[in-house]
>>> print(open('start-v3.cif').read())   # mmCIF, C-alpha atoms and all ligand atoms
data_coords
#
loop_
_atom_site.label_atom_id
_atom_site.label_comp_id
_atom_site.auth_asym_id
_atom_site.auth_seq_id
_atom_site.Cartn_x
_atom_site.Cartn_y
_atom_site.Cartn_z
CA MET A 249 -4.29 7.05 -15.62
CA ASP A 250 -4.03 3.78 -17.49
CA PHE A 251 -5.47 0.74 -15.75
CA THR A 252 -4.81 -1.59 -18.70
CA LEU A 253 -2.67 -4.62 -18.00
CA SER A 254 0.05 -5.47 -20.51
CA GLU A 255 -0.20 -8.59 -22.64
CA GLU A 256 2.49 -10.24 -20.54
CA GLN A 257 0.63 -9.40 -17.31
CA LEU A 258 -2.64 -10.78 -18.73
CA MET A 259 -0.84 -13.99 -19.70
CA ILE A 260 0.65 -14.41 -16.24
CA GLN A 261 -2.73 -13.73 -14.65
CA GLN A 262 -4.33 -16.39 -16.86
CA ALA A 263 -1.56 -18.89 -16.08
CA ALA A 264 -2.16 -18.41 -12.34
CA ARG A 265 -5.94 -18.68 -12.82
CA ASP A 266 -5.56 -21.95 -14.75
CA PHE A 267 -3.10 -23.35 -12.23
CA ALA A 268 -5.41 -22.51 -9.34
CA GLN A 269 -8.39 -24.18 -11.01
CA GLN A 270 -6.51 -27.26 -12.18
CA GLU A 271 -4.04 -27.89 -9.37
CA LEU A 272 -5.15 -26.05 -6.24
CA LEU A 273 -8.90 -26.55 -6.31
CA PRO A 274 -8.84 -30.36 -6.28
CA GLY A 275 -8.11 -31.36 -2.68
CA VAL A 276 -8.23 -27.87 -1.19
CA ILE A 277 -11.00 -28.82 1.26
CA GLU A 278 -9.16 -31.97 2.32
CA ARG A 279 -5.87 -30.12 2.79
CA ASP A 280 -7.64 -27.53 4.94
CA GLU A 281 -9.31 -30.20 7.04
CA ALA A 282 -6.16 -32.29 7.52
CA GLN A 283 -3.82 -29.26 7.79
CA LYS A 284 -1.84 -30.75 4.92
CA PHE A 285 0.94 -28.70 3.34
CA PRO A 286 0.57 -28.48 -0.49
CA THR A 287 3.99 -29.99 -1.21
CA ASP A 288 3.32 -31.07 -4.82
CA GLN A 289 1.61 -27.78 -5.67
CA VAL A 290 4.54 -25.75 -4.29
CA LYS A 291 6.89 -27.74 -6.50
CA MET A 292 4.68 -27.00 -9.52
CA MET A 293 4.54 -23.31 -8.61
CA GLY A 294 8.33 -23.32 -8.52
CA GLU A 295 8.36 -24.75 -12.05
CA LEU A 296 5.93 -22.06 -13.20
CA GLY A 297 8.20 -19.36 -11.79
CA PHE A 298 5.78 -18.28 -9.03
CA MET A 299 8.23 -18.80 -6.15
CA GLY A 300 10.73 -16.15 -7.23
CA MET A 301 8.65 -13.85 -9.36
CA MET A 302 10.61 -10.62 -8.92
CA VAL A 303 14.05 -12.22 -8.66
CA ASP A 304 16.60 -11.49 -11.37
CA PRO A 305 16.74 -14.37 -13.91
CA LYS A 306 20.50 -14.65 -13.25
CA PHE A 307 19.50 -16.05 -9.85
CA GLY A 308 16.82 -18.31 -11.33
CA GLY A 309 13.93 -15.90 -10.86
CA SER A 310 11.23 -14.75 -13.27
CA GLY A 311 12.41 -11.12 -13.36
CA LEU A 312 8.85 -9.77 -13.32
CA ASP A 313 7.38 -6.65 -11.77
CA THR A 314 5.44 -6.35 -8.52
CA LEU A 315 2.16 -5.90 -10.38
CA SER A 316 2.59 -9.33 -12.01
CA TYR A 317 3.31 -10.80 -8.58
CA VAL A 318 0.15 -9.19 -7.20
CA LEU A 319 -1.92 -10.60 -10.09
CA VAL A 320 -0.64 -14.09 -9.34
CA MET A 321 -1.27 -13.70 -5.60
CA GLU A 322 -4.83 -12.59 -6.32
CA GLU A 323 -5.62 -15.58 -8.55
CA LEU A 324 -4.06 -18.18 -6.24
CA SER A 325 -5.85 -16.70 -3.22
CA LYS A 326 -9.26 -16.94 -4.87
CA ILE A 327 -8.91 -20.70 -4.52
CA ASP A 328 -6.30 -21.48 -1.87
CA ALA A 329 -4.95 -18.87 0.53
CA SER A 330 -2.81 -21.50 2.25
CA ALA A 331 -0.84 -21.95 -0.96
CA SER A 332 -0.67 -18.21 -1.58
CA VAL A 333 0.83 -17.35 1.81
CA ILE A 334 3.66 -19.80 1.09
CA VAL A 335 4.23 -17.95 -2.20
CA SER A 336 3.99 -14.57 -0.51
CA VAL A 337 6.48 -15.24 2.28
CA ASN A 338 8.96 -16.84 -0.13
CA ASN A 339 8.69 -14.00 -2.67
CA SER A 340 8.30 -10.79 -0.72
CA LEU A 341 10.01 -11.51 2.56
CA VAL A 342 12.70 -14.07 1.83
CA CYS A 343 13.72 -13.69 -1.85
CA TRP A 344 13.24 -9.91 -1.99
CA GLY A 345 15.04 -9.40 1.33
CA LEU A 346 17.99 -11.53 0.26
CA GLU A 347 18.23 -10.10 -3.24
CA THR A 348 18.01 -6.49 -2.06
CA PHE A 349 20.21 -6.61 1.03
CA GLY A 350 22.16 -9.89 0.89
CA SER A 351 25.81 -10.27 -0.09
CA GLU A 352 26.77 -11.76 -3.45
CA ALA A 353 27.87 -14.94 -1.69
CA GLN A 354 24.51 -15.23 0.12
CA LYS A 355 22.64 -14.72 -3.16
CA GLU A 356 24.78 -17.35 -4.91
CA LYS A 357 24.26 -19.83 -2.11
CA TYR A 358 20.56 -19.40 -1.33
CA LEU A 359 18.67 -17.28 -3.83
CA ALA A 360 18.70 -19.55 -6.88
CA LYS A 361 17.28 -22.47 -4.91
CA LEU A 362 14.66 -20.26 -3.25
CA ALA A 363 13.60 -18.54 -6.46
CA THR A 364 12.97 -21.83 -8.24
CA GLY A 365 11.11 -23.37 -5.31
CA GLU A 366 13.75 -26.09 -4.89
CA ILE A 367 13.74 -24.96 -1.27
CA ILE A 368 11.51 -22.47 0.51
CA GLY A 369 12.20 -19.82 3.11
CA ALA A 370 10.72 -18.47 6.34
CA PHE A 371 10.86 -15.01 7.91
CA CYS A 372 11.28 -15.08 11.68
CA LEU A 373 10.51 -11.83 13.47
CA SER A 374 7.60 -12.51 15.85
CA GLU A 375 8.20 -13.75 19.38
CA PRO A 376 5.97 -14.61 22.35
CA GLU A 377 6.40 -11.00 23.56
CA ALA A 378 7.30 -9.26 20.29
CA GLY A 379 4.43 -9.38 17.82
CA SER A 380 3.24 -5.88 16.97
CA ASP A 381 5.91 -4.49 19.30
CA ALA A 382 8.62 -5.79 17.01
CA THR A 383 11.55 -3.85 18.54
CA SER A 384 11.21 -5.84 21.81
CA GLN A 385 13.31 -8.74 20.54
CA LYS A 386 14.32 -11.25 23.23
CA THR A 387 16.11 -13.63 20.87
CA THR A 388 19.82 -12.91 21.16
CA ALA A 389 22.69 -13.26 18.69
CA ILE A 390 25.86 -12.83 20.72
CA ASP A 391 28.92 -11.77 18.73
CA LYS A 392 31.76 -14.29 19.12
CA GLY A 393 34.16 -12.94 16.53
CA ASP A 394 33.63 -15.03 13.42
CA HIS A 395 30.19 -16.30 14.44
CA TYR A 396 27.07 -15.54 16.48
CA ILE A 397 25.52 -17.68 19.19
CA LEU A 398 21.77 -17.60 18.71
CA ASN A 399 19.31 -18.23 21.55
CA GLY A 400 15.58 -17.67 21.81
CA THR A 401 12.12 -18.53 20.55
CA LYS A 402 10.17 -17.37 17.50
CA ASN A 403 6.40 -17.73 17.18
CA TRP A 404 3.79 -18.18 14.44
CA ILE A 405 6.36 -18.78 11.73
CA THR A 406 4.87 -19.46 8.29
CA ASN A 407 6.64 -22.36 6.47
CA GLY A 408 7.91 -23.23 9.98
CA SER A 409 8.76 -26.87 9.30
CA SER A 410 8.79 -26.84 5.49
CA ALA A 411 11.44 -24.19 5.03
CA ASP A 412 15.14 -24.88 4.62
CA VAL A 413 16.30 -21.30 5.03
CA TYR A 414 15.18 -19.04 7.89
CA LEU A 415 15.81 -15.30 8.13
CA VAL A 416 16.00 -14.76 11.88
CA ILE A 417 15.87 -11.36 13.57
CA ALA A 418 17.80 -11.20 16.85
CA GLN A 419 19.26 -8.71 19.32
CA THR A 420 23.05 -8.41 19.38
CA HIS A 421 23.68 -5.14 21.24
CA VAL A 422 20.94 -4.72 23.88
CA GLU A 423 22.15 -1.22 24.81
CA LYS A 424 21.54 -0.02 21.25
CA ALA A 425 17.87 -1.15 21.29
CA HIS A 426 16.51 -1.55 17.71
CA LYS A 427 19.80 -0.29 16.26
CA GLY A 428 21.54 -3.34 17.79
CA ILE A 429 19.37 -5.93 16.02
CA ASN A 430 20.69 -8.26 13.30
CA ALA A 431 19.13 -10.47 10.63
CA LEU A 432 20.81 -13.88 10.28
CA ILE A 433 20.40 -16.66 7.76
CA VAL A 434 19.83 -19.90 9.64
CA GLU A 435 19.69 -23.27 7.92
CA LYS A 436 17.49 -26.17 8.89
CA GLY A 437 19.61 -28.80 10.58
CA MET A 438 22.00 -26.41 12.32
CA LYS A 439 22.82 -27.86 15.74
CA GLY A 440 20.54 -26.47 18.46
CA PHE A 441 17.80 -25.35 16.04
CA GLU A 442 14.53 -27.10 16.89
CA ILE A 443 11.16 -26.80 15.22
CA GLY A 444 8.33 -26.62 17.75
CA PRO A 445 4.81 -28.04 17.44
CA LYS A 446 2.53 -27.07 14.58
CA GLU A 447 -0.22 -24.54 15.39
CA ASN A 448 -3.82 -25.74 14.95
CA LYS A 449 -5.28 -22.72 13.17
CA LEU A 450 -8.65 -21.15 12.32
CA GLY A 451 -7.68 -20.55 8.69
CA ILE A 452 -4.89 -21.01 6.12
CA ARG A 453 -4.71 -24.49 7.60
CA GLY A 454 -2.78 -25.93 4.66
CA SER A 455 0.21 -23.73 5.49
CA ASP A 456 2.41 -24.87 8.36
CA THR A 457 2.88 -22.48 11.24
CA HIS A 458 5.31 -23.35 14.01
CA SER A 459 7.26 -21.94 16.90
CA LEU A 460 11.03 -22.28 16.56
CA ASN A 461 13.63 -22.71 19.30
CA PHE A 462 17.27 -21.72 19.06
CA ASN A 463 19.59 -23.16 21.69
CA ASP A 464 23.21 -22.02 21.32
CA VAL A 465 23.02 -22.22 17.52
CA VAL A 466 26.35 -21.30 15.92
CA VAL A 467 25.67 -18.99 12.97
CA PRO A 468 28.69 -17.95 10.86
CA LYS A 469 29.15 -14.21 10.53
CA GLU A 470 28.93 -14.42 6.76
CA ASN A 471 25.25 -15.29 7.33
CA ARG A 472 24.45 -11.81 8.67
CA ILE A 473 22.43 -9.72 6.22
CA GLY A 474 23.81 -6.21 5.83
CA GLU A 475 25.91 -4.22 8.28
CA ASP A 476 26.01 -4.88 12.02
CA GLY A 477 22.78 -3.45 13.49
CA PHE A 478 20.84 -3.39 10.20
CA GLY A 479 18.42 -6.16 11.24
CA PHE A 480 15.44 -4.03 12.32
CA LYS A 481 15.60 -1.81 9.24
CA PHE A 482 15.89 -4.98 7.18
CA ALA A 483 12.71 -6.33 8.79
CA MET A 484 10.77 -3.08 8.32
CA LYS A 485 11.81 -2.55 4.70
CA THR A 486 11.08 -6.15 3.83
CA LEU A 487 7.70 -6.12 5.56
CA ALA A 488 6.70 -2.95 3.72
CA GLY A 489 6.77 -4.96 0.49
CA GLY A 490 5.37 -8.07 2.17
CA ARG A 491 2.27 -6.08 3.03
CA ILE A 492 1.54 -5.57 -0.67
CA GLY A 493 1.59 -9.36 -1.13
CA ILE A 494 -0.78 -9.90 1.79
CA ALA A 495 -3.04 -7.12 0.49
CA ALA A 496 -3.20 -9.02 -2.81
CA GLN A 497 -3.98 -12.20 -0.91
CA ALA A 498 -6.86 -10.45 0.88
CA LEU A 499 -8.09 -9.08 -2.44
CA GLY A 500 -8.05 -12.58 -3.95
CA ILE A 501 -9.93 -14.09 -1.01
CA ALA A 502 -12.60 -11.36 -1.34
CA ALA A 503 -12.84 -11.74 -5.12
CA GLY A 504 -13.02 -15.55 -4.88
CA ALA A 505 -15.87 -15.40 -2.37
CA TYR A 506 -17.70 -12.77 -4.44
CA GLU A 507 -17.43 -14.82 -7.65
CA MET A 508 -18.82 -17.89 -5.89
CA ALA A 509 -21.65 -15.91 -4.30
CA LYS A 510 -22.60 -14.30 -7.61
CA LYS A 511 -22.68 -17.66 -9.39
CA TYR A 512 -24.68 -19.26 -6.59
CA SER A 513 -27.19 -16.40 -6.55
CA LYS A 514 -27.99 -17.03 -10.22
CA GLU A 515 -28.59 -20.75 -9.62
CA ARG A 516 -30.34 -20.93 -6.27
CA LYS A 517 -34.08 -20.32 -6.35
CA ALA A 518 -36.30 -19.00 -3.56
CA PHE A 519 -39.81 -17.54 -3.68
CA GLY A 520 -40.14 -18.69 -7.30
CA THR A 521 -37.05 -17.02 -8.75
CA GLU A 522 -33.23 -17.00 -8.65
CA ILE A 523 -32.15 -15.26 -5.46
CA SER A 524 -30.13 -12.72 -7.50
CA ASN A 525 -33.50 -11.29 -8.51
CA HIS A 526 -34.18 -10.34 -4.90
CA GLN A 527 -32.90 -6.88 -4.12
CA ALA A 528 -31.60 -8.03 -0.70
CA ILE A 529 -29.10 -10.27 -2.52
CA ALA A 530 -28.45 -8.02 -5.54
CA PHE A 531 -27.52 -5.10 -3.26
CA LYS A 532 -25.12 -7.27 -1.29
CA LEU A 533 -23.40 -8.18 -4.57
CA ALA A 534 -23.30 -4.53 -5.59
CA ASP A 535 -21.57 -3.58 -2.33
CA MET A 536 -19.13 -6.48 -2.59
CA HIS A 537 -18.20 -5.64 -6.18
CA THR A 538 -17.66 -1.95 -5.37
CA GLN A 539 -15.50 -2.67 -2.32
CA ILE A 540 -13.41 -5.23 -4.22
CA GLU A 541 -12.76 -2.80 -7.08
CA ALA A 542 -11.69 -0.12 -4.59
CA ALA A 543 -9.39 -2.60 -2.83
CA ARG A 544 -7.98 -3.72 -6.19
CA PHE A 545 -7.01 -0.16 -7.13
CA LEU A 546 -5.27 0.37 -3.78
CA VAL A 547 -3.35 -2.89 -4.19
CA TYR A 548 -2.34 -2.18 -7.79
CA LYS A 549 -1.33 1.39 -6.83
CA ALA A 550 0.97 0.08 -4.09
CA ALA A 551 2.51 -2.42 -6.51
CA CYS A 552 3.02 0.31 -9.12
CA ASP A 553 4.61 2.58 -6.50
CA LYS A 554 7.12 -0.18 -5.77
CA ASP A 555 7.75 -0.78 -9.47
CA ASN A 556 8.20 2.95 -10.12
CA GLY A 557 10.75 3.34 -7.34
CA ALA A 558 8.39 5.51 -5.25
CA ASN A 559 7.94 5.08 -1.50
CA TYR A 560 5.34 2.37 -0.84
CA ASP A 561 5.20 2.32 2.98
CA LEU A 562 1.97 4.34 2.95
CA SER A 563 0.30 2.86 -0.14
CA GLY A 564 1.19 -0.70 0.94
CA ALA A 565 -0.20 -0.16 4.45
CA MET A 566 -3.42 1.39 3.07
CA ALA A 567 -3.81 -1.46 0.60
CA LYS A 568 -3.38 -4.09 3.32
CA LEU A 569 -5.66 -2.30 5.79
CA TYR A 570 -8.48 -1.87 3.30
CA ALA A 571 -8.19 -5.12 1.33
CA SER A 572 -8.14 -7.20 4.53
CA GLN A 573 -11.24 -5.41 5.81
CA VAL A 574 -12.96 -6.04 2.47
CA ALA A 575 -11.88 -9.70 2.59
CA MET A 576 -13.50 -10.11 6.00
CA GLU A 577 -16.74 -8.30 5.13
CA THR A 578 -17.10 -9.87 1.70
CA THR A 579 -16.56 -13.43 2.85
CA VAL A 580 -19.12 -13.02 5.64
CA GLU A 581 -21.63 -11.79 3.05
CA ALA A 582 -20.73 -14.63 0.68
CA VAL A 583 -21.58 -17.13 3.42
CA GLN A 584 -24.84 -15.26 4.03
CA ILE A 585 -25.81 -15.37 0.35
CA HIS A 586 -25.15 -19.13 0.33
CA GLY A 587 -27.45 -19.52 3.36
CA GLY A 588 -27.30 -23.00 4.92
CA ASN A 589 -24.98 -24.18 2.15
CA GLY A 590 -22.54 -21.41 3.08
CA PHE A 591 -22.07 -23.09 6.44
CA VAL A 592 -21.08 -26.35 4.77
CA LYS A 593 -17.46 -27.02 3.77
CA ASP A 594 -18.28 -28.27 0.24
CA TYR A 595 -19.21 -24.74 -0.85
CA HIS A 596 -15.77 -23.23 -0.04
CA VAL A 597 -16.99 -19.85 1.24
CA GLU A 598 -16.79 -20.78 4.93
CA ARG A 599 -13.10 -21.61 4.38
CA LEU A 600 -12.49 -18.30 2.63
CA MET A 601 -14.17 -16.55 5.58
CA ARG A 602 -11.84 -18.34 8.01
CA ASP A 603 -8.82 -17.61 5.78
CA ALA A 604 -9.72 -13.91 5.51
CA LYS A 605 -9.20 -13.23 9.22
CA ILE A 606 -5.43 -13.74 9.17
CA THR A 607 -4.99 -10.98 6.59
CA GLN A 608 -6.00 -8.50 9.32
CA ILE A 609 -3.34 -9.95 11.64
CA TYR A 610 -0.11 -11.09 9.99
CA GLU A 611 2.61 -8.88 8.48
CA GLY A 612 1.30 -6.13 10.75
CA THR A 613 -2.21 -6.05 12.23
CA SER A 614 -4.77 -3.54 10.98
CA GLU A 615 -3.96 -1.44 14.04
CA ILE A 616 -0.25 -1.42 13.07
CA GLN A 617 -1.19 -0.38 9.52
CA LYS A 618 -3.07 2.57 11.05
CA ILE A 619 0.10 3.52 12.98
CA VAL A 620 2.10 3.43 9.74
CA ILE A 621 -0.57 5.38 7.82
CA SER A 622 -1.18 8.03 10.49
CA ARG A 623 2.55 8.63 11.06
CA SER A 624 3.06 8.96 7.33
CA ILE A 625 0.23 11.44 6.72
CA LEU A 626 1.02 13.48 9.82
CA THR A 627 4.71 13.88 9.01
CA SER A 628 4.15 14.79 5.35
CA LYS A 629 3.55 18.38 4.25
N1 LIG B 1 11.43 1.32 6.39
C1 LIG B 1 12.64 1.60 6.93
N2 LIG B 1 12.80 1.85 8.25
C2 LIG B 1 11.72 1.82 9.03
C3 LIG B 1 10.42 1.54 8.53
C4 LIG B 1 10.30 1.29 7.15
N3 LIG B 1 9.15 0.99 6.58
N4 LIG B 1 9.55 1.59 9.55
C5 LIG B 1 10.24 1.88 10.66
N5 LIG B 1 11.55 2.01 10.35
C6 LIG B 1 12.68 2.35 11.21
C7 LIG B 1 12.51 3.74 11.81
O1 LIG B 1 13.00 4.73 10.94
C8 LIG B 1 13.35 3.63 13.07
O2 LIG B 1 14.72 3.75 12.77
P1 LIG B 1 15.60 4.99 13.30
O3 LIG B 1 15.50 4.97 14.80
O4 LIG B 1 16.97 4.71 12.78
O5 LIG B 1 14.97 6.21 12.71
C9 LIG B 1 13.14 2.18 13.49
O6 LIG B 1 12.69 1.47 12.35
C10 LIG B 1 12.12 2.03 14.60
O7 LIG B 1 10.93 2.60 14.12
P2 LIG B 1 9.85 3.21 15.09
O8 LIG B 1 10.49 4.17 16.04
O9 LIG B 1 8.74 3.71 14.24
O10 LIG B 1 9.43 1.92 15.92
P3 LIG B 1 8.13 1.64 16.75
O11 LIG B 1 8.49 0.63 17.75
O12 LIG B 1 7.44 2.87 17.17
O13 LIG B 1 7.10 0.94 15.69
C11 LIG B 1 6.20 -0.42 14.04
C12 LIG B 1 7.37 0.40 14.52
C13 LIG B 1 5.75 0.16 12.72
C14 LIG B 1 5.02 -0.46 14.96
C15 LIG B 1 6.82 -1.81 13.86
O14 LIG B 1 7.20 -2.33 15.12
C16 LIG B 1 5.95 -2.80 13.16
O15 LIG B 1 5.82 -2.76 11.94
N6 LIG B 1 5.34 -3.76 13.91
C17 LIG B 1 4.60 -4.84 13.31
C18 LIG B 1 5.51 -6.00 13.04
C19 LIG B 1 4.96 -6.91 12.00
O16 LIG B 1 4.53 -6.50 10.93
N7 LIG B 1 5.06 -8.22 12.26
C20 LIG B 1 4.68 -9.18 11.29
C21 LIG B 1 5.42 -10.44 11.53
S1 LIG B 1 6.08 -11.18 10.10
C22 LIG B 1 4.83 -12.13 9.45
O17 LIG B 1 3.68 -12.05 9.80
C23 LIG B 1 5.30 -12.98 8.35
C24 LIG B 1 4.55 -14.21 8.10
O18 LIG B 1 5.01 -15.29 8.44
C25 LIG B 1 3.30 -14.17 7.31
#
>>> encode(input="start-v3.cif", output="structure tokens")
Amino acid sequence: MDFTLSEEQLMIQQAARDFAQQELLPGVIERDEAQKFPTDQVKMMGELGFMGMMVDPKFGGSGLDTLSYVLVMEELSKIDASASVIVSVNNSLVCWGLETFGSEAQKEKYLAKLATGEIIGAFCLSEPEAGSDATSQKTTAIDKGDHYILNGTKNWITNGSSADVYLVIAQTHVEKAHKGINALIVEKGMKGFEIGPKENKLGIRGSDTHSLNFNDVVVPKENRIGEDGFGFKFAMKTLAGGRIGIAAQALGIAAGAYEMAKKYSKERKAFGTEISNHQAIAFKLADMHTQIEAARFLVYKAACDKDNGANYDLSGAMAKLYASQVAMETTVEAVQIHGGNGFVKDYHVERLMRDAKITQIYEGTSEIQKIVISRSILTSK
């Protein structure tokens, strides 16, 4: 097994690290506090090629592999998980979904703008009564010949008000259950499409999360992704890759908190010496480092599976399950190592702890990952 990153991957990793330090770190506390979307930073990330990392250059993308994407997600998330979720949704759910399953016309029309960050996208699956139970879609897309009439409500949508393009999952043929679901491309500004209030969140407060309402929205049939009834498969296949991005986000949050805690432990003195000299602190750091390395290998393995054309449902779910658990545990310990300062916003770790929680919830909760993992291991030989 070769764990060495290529020169190109190391360069991309360094570019993301520099960007995060220079452009995300200044103002990250203020953006979190004010729930301010990082508009300028998203534009810069578009210019750096971070918004369409795996997209073919002929559609304006960077044409890189999933491992490079994961490296970038990790570095951005060490500093600002609000910015990294915007990158993740745009890359893995919207761009990848469109490039893999969209028509040529859809790619021409939307992908180039999405991949360069000129516009951003949102992925709209969750509903008030269809979160984990994603087949229970109540949003309807009624077939009217050359168009659909879309009605319903979507919840907790990342990039809810900032996006221009929304991939909306909706039920067309109720009698066919999940086989009667479609995925439609909806544009901001279509008549009857309203953006609901912004959620006031525990973490990733710089990203904008909204409910969306669709009232008799006319969506042309050419905006359907794939064949009639492909919508649920589209959502599942897209989310399988999305989970690798969120796993990388969790890994970055954990690694960011660990790096800060390690640095702090070598500066802060108690009982006449740096606190890193106390075994109580040194052992915490040892556990954190070990868990993060284990999470990193799971995340990289899932990315490599995707790059090698292997099935990544299982490896992606394991990576997300474990990395998000490590993010939660590590950030709690990072706050503990910082003591009273850890409870103060200036030291960043309390924000990382709040940000970590969502990685156990979105793009499939930890419990959903266990469903995916257990089904996979029990049906294999
Ligand atoms: N790839 C392809 N097809 C898949 C699939 C996959 N990874 N997983 C499931 N399917 C298919 C199944 O094969 C089945 O199709 P057939 O009937 O044709 O065989 C169909 O989907 C239904 O599958 P199940 O019978 O397994 O459905 P289920 O209801 O038992 O459970 C589930 C499926 C895994 C629990 C699924 O509902 C799920 O993943 N739920 C979580 C949803 C989720 O992740 N939501 C996140 C919201 S998006 C978000 O957070 C984005 C953001 O903004 C950050």
>>> residues_near_ligand(input="start-v3.cif", ligand="ligand LIG 1 (chain B)", cutoff="6 Å", atoms="only C-alpha atoms and all ligand atoms", output="VMD selection string")
chain A and resid 371 373 to 374 379 to 383 405 to 406 481 484 to 485 488 561 610 to 612 616 620
>>> residues_around(input="start-v3.cif", residues="Gln539 (chain A)", least_positions_apart="3", cutoff="9 Å", atoms="only C-alpha atoms", output="list of chain:residue names")
A:Ala534, A:Asp535, A:Met536, A:Ala542, A:Ala543, A:Arg544, A:Ala571, A:Val574, A:Thr578
>>> atom_distance(input="start-v3.cif", atom1="CA of Ala418 (chain A)", atom2="CA of Val333 (chain A)")
23.5 Å
>>> residues_near_point(input="start-v3.cif", point="(-6.3, -18.4, -15.3)", cutoff="12 Å", atoms="only C-alpha atoms", output="JSON, numbers by chain")
{"A": [257, 258, 259, 260, 261, 262, 263, 264, 265, 266, 267, 268, 269, 270, 271, 272, 319, 320, 321, 322, 323, 324, 326, 327]}
>>> residues_around(input="start-v3.cif", residues="Ser336 (chain A)", least_positions_apart="3", cutoff="9 Å", atoms="only C-alpha atoms", output="VMD selection string")
chain A and resid 299 317 321 331 to 333 339 to 341 490 493 to 494 497
>>> closest_residue(input="start-v3.cif", among="A:Val335, A:Leu273, A:Ile619, A:Val465", to="His395 (chain A)", atoms="all atoms listed in the file")
A:Val465
>>> residues_around(input="start-v3.cif", residues="region 514-531 of chain A", least_positions_apart="3", cutoff="12 Å", atoms="all atoms listed in the file", output="number ranges by chain")
A: 506-511, 534-538, 581-589
>>> residues_around(input="start-v3.cif", residues="Glu347 (chain A)", least_positions_apart="3", cutoff="12 Å", atoms="all atoms listed in the file", output="ChimeraX atom specification")
/A:300-309,311,338-344,350-360,362-363,473-474,482,486
>>> closest_residue(input="start-v3.cif", among="A:Glu435, A:Ala389, A:Ala502, A:Ser572", to="Thr613 (chain A)", atoms="all atoms listed in the file")
A:Ser572
>>> closest_atom_pairs(input="start-v3.cif", of="region 364-394 of chain A", to="region 443-464 of chain A", cutoff="9 Å", atoms="only C-alpha atoms", output="CSV")
residue,atom,partner,partner_atom,distance
A:Cys372,CA,A:Leu460,CA,8.7
A:Glu375,CA,A:Ser459,CA,8.6
A:Thr387,CA,A:Phe462,CA,8.4
>>> write_last_selection(input="start-v3.cif", atoms="C-alpha atoms", output="mmCIF file, in the coordinates of the input")
data_model
loop_
_atom_site.group_PDB
_atom_site.id
_atom_site.type_symbol
_atom_site.label_atom_id
_atom_site.label_comp_id
_atom_site.auth_asym_id
_atom_site.auth_seq_id
_atom_site.Cartn_x
_atom_site.Cartn_y
_atom_site.Cartn_z
ATOM 1 C CA CYS A 372 11.280 -15.080 11.680
ATOM 2 C CA GLU A 375 8.200 -13.750 19.380
ATOM 3 C CA THR A 387 16.110 -13.630 20.870
#
>>> closest_residue(input="start-v3.cif", among="A:Ile277, A:Ala505, A:Gln385, A:Val422", to="Val592 (chain A)", atoms="all atoms listed in the file")
A:Ile277
>>> atom_distance(input="start-v3.cif", atom1="CA of Ser563 (chain A)", atom2="CA of Ala550 (chain A)")
4.9 Å
>>> axis_aligned_box(input="start-v3.cif", around="region 585-589 of chain A", padding_each_side="6 Å", output="lines of an AutoDock Vina configuration file")
center_x = -26.2
center_y = -19.8
center_z = 2.6
size_x = 14.5
size_y = 20.8
size_z = 16.6
>>> atom_distance(input="start-v3.cif", atom1="CA of Ser513 (chain A)", atom2="CA of Glu541 (chain A)")
19.8 Å
>>> residues_around(input="start-v3.cif", residues="Ala431 (chain A)", least_positions_apart="3", cutoff="6 Å", atoms="only C-alpha atoms", output="number ranges by chain")
A: 416-417, 472-473, 479
>>> write_last_selection(input="start-v3.cif", atoms="C-alpha atoms", output="PDB file, keeping the file's coordinate frame")
ATOM      1  CA  VAL A 416      16.000 -14.760  11.880  1.00  0.00           C
ATOM      2  CA  ILE A 417      15.870 -11.360  13.570  1.00  0.00           C
ATOM      3  CA  ARG A 472      24.450 -11.810   8.670  1.00  0.00           C
ATOM      4  CA  ILE A 473      22.430  -9.720   6.220  1.00  0.00           C
ATOM      5  CA  GLY A 479      18.420  -6.160  11.240  1.00  0.00           C
TER       6      GLY A 479
END
>>> closest_residue(input="start-v3.cif", among="A:Phe285, A:Tyr512, A:Tyr414, A:Phe298", to="Lys402 (chain A)", atoms="all atoms listed in the file")
A:Tyr414
>>> closest_residue(input="start-v3.cif", among="A:Phe480, A:Tyr595, A:Trp404, A:Phe545", to="Ser384 (chain A)", atoms="all atoms listed in the file")
A:Phe480
